[in-house]
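**Student:** Data file data_33.pdb (PDB, C-alpha atoms) is appended below.
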MODEL        1
ATOM      1  CA  MET F 964     228.674  26.623  38.079
ATOM      2  CA  GLY F 965     226.815  29.915  37.867
ATOM      3  CA  GLU F 966     223.581  28.159  38.879
ATOM      4  CA  LEU F 967     225.311  26.672  41.918
ATOM      5  CA  LEU F 968     226.548  30.096  43.027
ATOM      6  CA  ALA F 969     223.113  31.620  42.478
ATOM      7  CA  SER F 970     221.526  28.891  44.620
ATOM      8  CA  LYS F 971     223.606  29.767  47.687
ATOM      9  CA  PRO F 972     221.918  31.963  50.297
ATOM     10  CA  GLY F 973     222.463  35.695  49.815
ATOM     11  CA  LYS F 974     224.702  36.119  52.861
ATOM     12  CA  ASP F 975     227.786  38.235  52.148
ATOM     13  CA  LEU F 976     231.131  36.454  52.256
ATOM     14  CA  ILE F 977     233.171  37.495  55.278
ATOM     15  CA  CYS F 978     236.793  38.294  54.449
ATOM     16  CA  MET F 979     239.524  39.825  56.578
ATOM     17  CA  ASP F 980     242.710  41.688  55.761
ATOM     18  CA  GLY F 981     245.940  39.817  56.490
ATOM     19  CA  ALA F 982     247.037  42.563  58.904
ATOM     20  CA  ARG F 983     244.104  41.831  61.237
ATOM     21  CA  ILE F 984     244.729  39.883  64.436
ATOM     22  CA  VAL F 985     243.933  36.172  64.907
ATOM     23  CA  HIS F 986     241.911  36.970  68.037
ATOM     24  CA  GLU F 987     239.582  39.102  65.885
ATOM     25  CA  ALA F 988     239.150  36.251  63.398
ATOM     26  CA  ILE F 989     238.317  33.818  66.207
ATOM     27  CA  SER F 990     235.584  36.189  67.409
ATOM     28  CA  VAL F 991     234.171  36.528  63.889
ATOM     29  CA  MET F 992     234.193  32.743  63.369
ATOM     30  CA  ARG F 993     232.370  32.205  66.650
ATOM     31  CA  GLU F 994     229.816  34.990  66.115
ATOM     32  CA  GLU F 995     229.070  34.078  62.498
ATOM     33  CA  GLY F 996     229.238  30.285  62.897
ATOM     34  CA  ILE F 997     231.883  29.895  60.197
ATOM     35  CA  SER F 998     235.040  27.793  60.116
ATOM     36  CA  GLN F 999     237.094  29.574  57.449
ATOM     37  CA  ILE F1000     237.771  33.131  56.369
ATOM     38  CA  PRO F1001     239.365  34.262  53.109
ATOM     39  CA  VAL F1002     242.300  36.557  53.850
ATOM     40  CA  THR F1003     242.830  39.500  51.545
ATOM     41  CA  ASP F1004     245.274  42.270  50.740
ATOM     42  CA  GLN F1005     243.611  45.297  49.133
ATOM     43  CA  GLY F1006     240.611  43.068  48.398
ATOM     44  CA  ALA F1007     242.537  40.337  46.553
ATOM     45  CA  LEU F1008     242.744  36.816  47.974
ATOM     46  CA  VAL F1009     246.130  36.037  49.536
ATOM     47  CA  GLY F1010     245.238  33.165  51.851
ATOM     48  CA  LEU F1011     242.666  31.300  53.889
ATOM     49  CA  LEU F1012     242.376  31.059  57.650
ATOM     50  CA  THR F1013     240.577  27.985  58.975
ATOM     51  CA  GLU F1014     239.741  27.002  62.514
ATOM     52  CA  ALA F1015     242.131  24.058  62.030
ATOM     53  CA  ASP F1016     244.948  26.500  61.147
ATOM     54  CA  VAL F1017     244.247  28.528  64.289
ATOM     55  CA  LEU F1018     244.103  25.435  66.466
ATOM     56  CA  ASP F1019     247.342  24.044  65.022
ATOM     57  CA  TYR F1020     249.093  27.368  65.535
ATOM     58  CA  LEU F1021     247.898  27.868  69.099
ATOM     59  CA  THR F1022     248.715  24.306  70.194
ATOM     60  CA  SER F1023     252.148  24.358  68.530
ATOM     61  CA  GLY F1024     253.500  26.822  71.065
ATOM     62  CA  SER F1025     254.577  29.147  68.238
ATOM     63  CA  GLY F1026     252.632  32.086  69.591
ATOM     64  CA  ASP F1027     249.277  33.366  70.735
ATOM     65  CA  ALA F1028     246.178  34.901  69.167
ATOM     66  CA  SER F1029     247.725  38.380  69.031
ATOM     67  CA  VAL F1030     249.575  37.717  65.752
ATOM     68  CA  GLN F1031     248.428  38.825  62.307
ATOM     69  CA  LEU F1032     246.325  36.528  60.132
ATOM     70  CA  ALA F1033     249.121  36.597  57.539
ATOM     71  CA  ASP F1034     251.340  34.761  60.051
ATOM     72  CA  VAL F1035     248.888  31.873  60.489
ATOM     73  CA  MET F1036     246.878  31.589  57.250
ATOM     74  CA  ARG F1037     247.489  29.015  54.570
ATOM     75  CA  ARG F1038     248.796  30.584  51.404
ATOM     76  CA  SER F1039     247.988  27.745  49.049
ATOM     77  CA  VAL F1040     244.249  28.125  48.502
ATOM     78  CA  PRO F1041     242.272  26.166  45.919
ATOM     79  CA  THR F1042     240.387  28.676  43.792
ATOM     80  CA  VAL F1043     237.880  28.560  40.954
ATOM     81  CA  GLU F1044     236.082  31.149  38.867
ATOM     82  CA  ALA F1045     232.394  31.262  37.998
ATOM     83  CA  GLN F1046     233.048  29.719  34.580
ATOM     84  CA  THR F1047     234.904  26.689  36.001
ATOM     85  CA  ALA F1048     233.435  23.413  34.746
ATOM     86  CA  LEU F1049     231.415  21.418  37.274
ATOM     87  CA  ALA F1050     233.671  18.357  36.815
ATOM     88  CA  ALA F1051     236.764  20.429  37.688
ATOM     89  CA  LEU F1052     234.991  21.920  40.702
ATOM     90  CA  ASP F1053     233.992  18.441  41.890
ATOM     91  CA  GLU F1054     237.582  17.212  41.579
ATOM     92  CA  MET F1055     239.002  20.177  43.483
ATOM     93  CA  ILE F1056     236.421  19.962  46.269
ATOM     94  CA  ASP F1057     237.022  16.223  46.530
ATOM     95  CA  ILE F1058     240.734  16.854  47.130
ATOM     96  CA  ALA F1059     240.606  20.033  49.229
ATOM     97  CA  GLY F1060     237.190  19.902  50.897
ATOM     98  CA  SER F1061     236.409  23.457  49.831
ATOM     99  CA  VAL F1062     237.353  26.086  47.264
ATOM    100  CA  VAL F1063     237.242  29.859  47.163
ATOM    101  CA  VAL F1064     235.423  31.307  44.176
ATOM    102  CA  ILE F1065     237.232  34.410  42.930
ATOM    103  CA  ASP F1066     236.492  37.009  40.293
ATOM    104  CA  GLY F1067     238.884  38.220  37.607
ATOM    105  CA  ASP F1068     240.645  40.511  40.099
ATOM    106  CA  ARG F1069     241.152  37.666  42.623
ATOM    107  CA  HIS F1070     238.478  39.110  44.908
ATOM    108  CA  PRO F1071     236.775  36.330  46.910
ATOM    109  CA  VAL F1072     233.142  35.869  45.929
ATOM    110  CA  GLN F1073     232.086  32.713  47.778
ATOM    111  CA  ILE F1074     233.364  29.595  49.496
ATOM    112  CA  LEU F1075     232.028  26.301  48.188
ATOM    113  CA  THR F1076     232.216  23.080  50.187
ATOM    114  CA  LYS F1077     231.309  19.459  49.572
ATOM    115  CA  ILE F1078     227.902  19.903  51.189
ATOM    116  CA  ASP F1079     227.151  22.907  48.952
ATOM    117  CA  LEU F1080     227.777  20.744  45.908
ATOM    118  CA  VAL F1081     225.753  17.833  47.325
ATOM    119  CA  GLU F1082     222.789  20.052  48.251
ATOM    120  CA  TRP F1083     222.806  21.597  44.778
ATOM    121  CA  LEU F1084     223.053  18.240  42.986
ATOM    122  CA  VAL F1085     220.367  16.336  44.947
ATOM    123  CA  PRO F1086     217.343  18.080  43.391
ATOM    124  CA  ARG F1087     218.954  17.593  39.980
ATOM    125  CA  ALA F1088     219.744  13.873  40.427
ATOM    126  CA  ASP F1089     216.622  12.808  38.534
ATOM    127  CA  GLN F1090     217.621  15.030  35.621
ATOM    128  CA  VAL F1091     221.138  13.541  35.512
ATOM    129  CA  SER F1092     220.159   9.868  35.617
TER     130      SER F1092
ENDMDL
END
Transcribe the structure of this file into structure tokens.
**Tutor:**
Amino acid sequence: MGELLASKPGKDLICMDGARIVHEAISVMREEGISQIPVTDQGALVGLLTEADVLDYLTSGSGDASVQLADVMRRSVPTVEAQTALAALDEMIDIAGSVVVIDGDRHPVQILTKIDLVEWLVPRADQVS
């Protein structure tokens, strides 16, 4: 999986602390053109905020965008490490749609999605078959 990570563009992963406000995350998502943000506490992954989570929260009537990310984020986040086998990564992405790559200290390194895996595999298809 190291080759897959190395093939991703060099853009830094955007993370936000769980104490930040949902309104701030919405602005970041819009400005950066992203749909999910790893949520951290002292740099370690504690959750994931997706645009679907925000939409569900706001339409539920539970509150508004002035709450902390920790109140809205999903806590169950599929994670992998750089040494995870490609078959395991494929299975996890197939189930969850995306995974957060973490280092040994649970710091988020990258988000991988189905299209990332597809784009990486296409040039290698001739080598596999």
**Student:** Determine, counting all atoms listed in the file, which protein, DNA and RNA residues have an atom within 12 Å of an atom of Glu995 (chain F); residues of the same chain fewer than 4 positions away are not included. Present the result as an MDAnalysis selection string.
**Tutor:** chainID F and resid 974:978 988:991 999:1000
**Student:** Find the residues near Arg1069 (chain F): any atom within 6 Å, counting all atoms listed in the file, skip ones fewer than 2 places away on the same chain, and give them as a PDB file with C-alpha atoms, keeping the file's coordinate frame.
**Tutor:**
ATOM      1  CA  ALA F1007     242.537  40.337  46.553  1.00  0.00           C
ATOM      2  CA  LEU F1008     242.744  36.816  47.974  1.00  0.00           C
ATOM      3  CA  ILE F1065     237.232  34.410  42.930  1.00  0.00           C
ATOM      4  CA  ASP F1066     236.492  37.009  40.293  1.00  0.00           C
ATOM      5  CA  GLY F1067     238.884  38.220  37.607  1.00  0.00           C
TER       6      GLY F1067
END
**Student:** Return the single residue from F:Gln1073, F:Ser1061, F:Ser1039, F:Gln1046 that is closest to Val1009 (chain F), with distances computed using all atoms listed in the file.
**Tutor:**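 Of the candidates, the smallest distance to Val1009 (chain F) is held by F:Ser1039.
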**Student:** Evaluate the PyMOL selection byres ((chain F and resi 1032) around 10) against this structure - the residues, as a ChimeraX atom specification, please.
**Tutor:** /F:979-988,1000,1002-1003,1010-1012,1017,1028-1031,1033-1037
**Student:** So the first atom is CA of Lys971 (chain F) and the second is CA of Asp1016 (chain F); what is the distance between them in Å, to one decimal place?
**Tutor:** 25.4 Å
**Student:** Written as a ChimeraX atom specification, what is the full residue list that the PyMOL selection byres ((chain F and resi 967) around 12) yields on the file shown?
**Tutor:** /F:964-966,968-972,1045-1049,1052-1053,1064,1073-1076,1078-1087
**Student:** Selection from above, C-alpha atoms, as a short mmCIF file (atom, residue, chain, number, x, y, z; two decimals), in the frame of the given file, can you write it?
**Tutor:**
data_model
loop_
_atom_site.label_atom_id
_atom_site.label_comp_id
_atom_site.auth_asym_id
_atom_site.auth_seq_id
_atom_site.Cartn_x
_atom_site.Cartn_y
_atom_site.Cartn_z
CA MET F 964 228.67 26.62 38.08
CA GLY F 965 226.82 29.92 37.87
CA GLU F 966 223.58 28.16 38.88
CA LEU F 968 226.55 30.10 43.03
CA ALA F 969 223.11 31.62 42.48
CA SER F 970 221.53 28.89 44.62
CA LYS F 971 223.61 29.77 47.69
CA PRO F 972 221.92 31.96 50.30
CA ALA F 1045 232.39 31.26 38.00
CA GLN F 1046 233.05 29.72 34.58
CA THR F 1047 234.90 26.69 36.00
CA ALA F 1048 233.44 23.41 34.75
CA LEU F 1049 231.42 21.42 37.27
CA LEU F 1052 234.99 21.92 40.70
CA ASP F 1053 233.99 18.44 41.89
CA VAL F 1064 235.42 31.31 44.18
CA GLN F 1073 232.09 32.71 47.78
CA ILE F 1074 233.36 29.60 49.50
CA LEU F 1075 232.03 26.30 48.19
CA THR F 1076 232.22 23.08 50.19
CA ILE F 1078 227.90 19.90 51.19
CA ASP F 1079 227.15 22.91 48.95
CA LEU F 1080 227.78 20.74 45.91
CA VAL F 1081 225.75 17.83 47.32
CA GLU F 1082 222.79 20.05 48.25
CA TRP F 1083 222.81 21.60 44.78
CA LEU F 1084 223.05 18.24 42.99
CA VAL F 1085 220.37 16.34 44.95
CA PRO F 1086 217.34 18.08 43.39
CA ARG F 1087 218.95 17.59 39.98
#
**Student:** Of the candidates F:Val1040, F:Asp1027, F:Pro1071, F:Gly1060, which shows the shortest atom-to-atom distance to Asp1004 (chain F), using all atoms listed in the file?
**Tutor:** F:Pro1071
**Student:** Can you work out the spacing between CA of Leu1021 (chain F) and CA of Arg1038 (chain F) in Å, to one decimal?
**Tutor:**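 If I compute the distance from CA of Leu1021 (chain F) to CA of Arg1038 (chain F), I get 17.9 Å.
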**Student:** Have a look at CA of Ile1058 (chain F) and CA of His1070 (chain F) and let me know their distance in Å, one decimal.
**Tutor:**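 Atom-to-atom, CA of Ile1058 (chain F) to CA of His1070 (chain F), that is 22.5 Å.
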**Student:** What box, with edges along x, y and z, holds each listed atom of region 1032-1047 of chain F when 3 Å is added on every side, and can you state its centre and edge lengths in Å to one decimal, as JSON?
**Tutor:**
{"center_x": 241.9, "center_y": 31.4, "center_z": 47.5, "size_x": 24.9, "size_y": 16.4, "size_z": 31.9}
**Student:** Using all atoms listed in the file, which residues sit within 9 Å of Met1055 (chain F) once same-chain residues fewer than 5 positions away are excluded, as an NGL selection string?
**Tutor:** :F and (1041-1043 or 1050 or 1060-1062)
**Student:** Can you work out which one of F:Glu1044, F:Glu1014, F:Asp1068, F:Asp1057 has the shortest atom-to-atom distance to Ile997 (chain F), counting only C-alpha atoms?
**Tutor:**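 Closest candidate: F:Glu1014.
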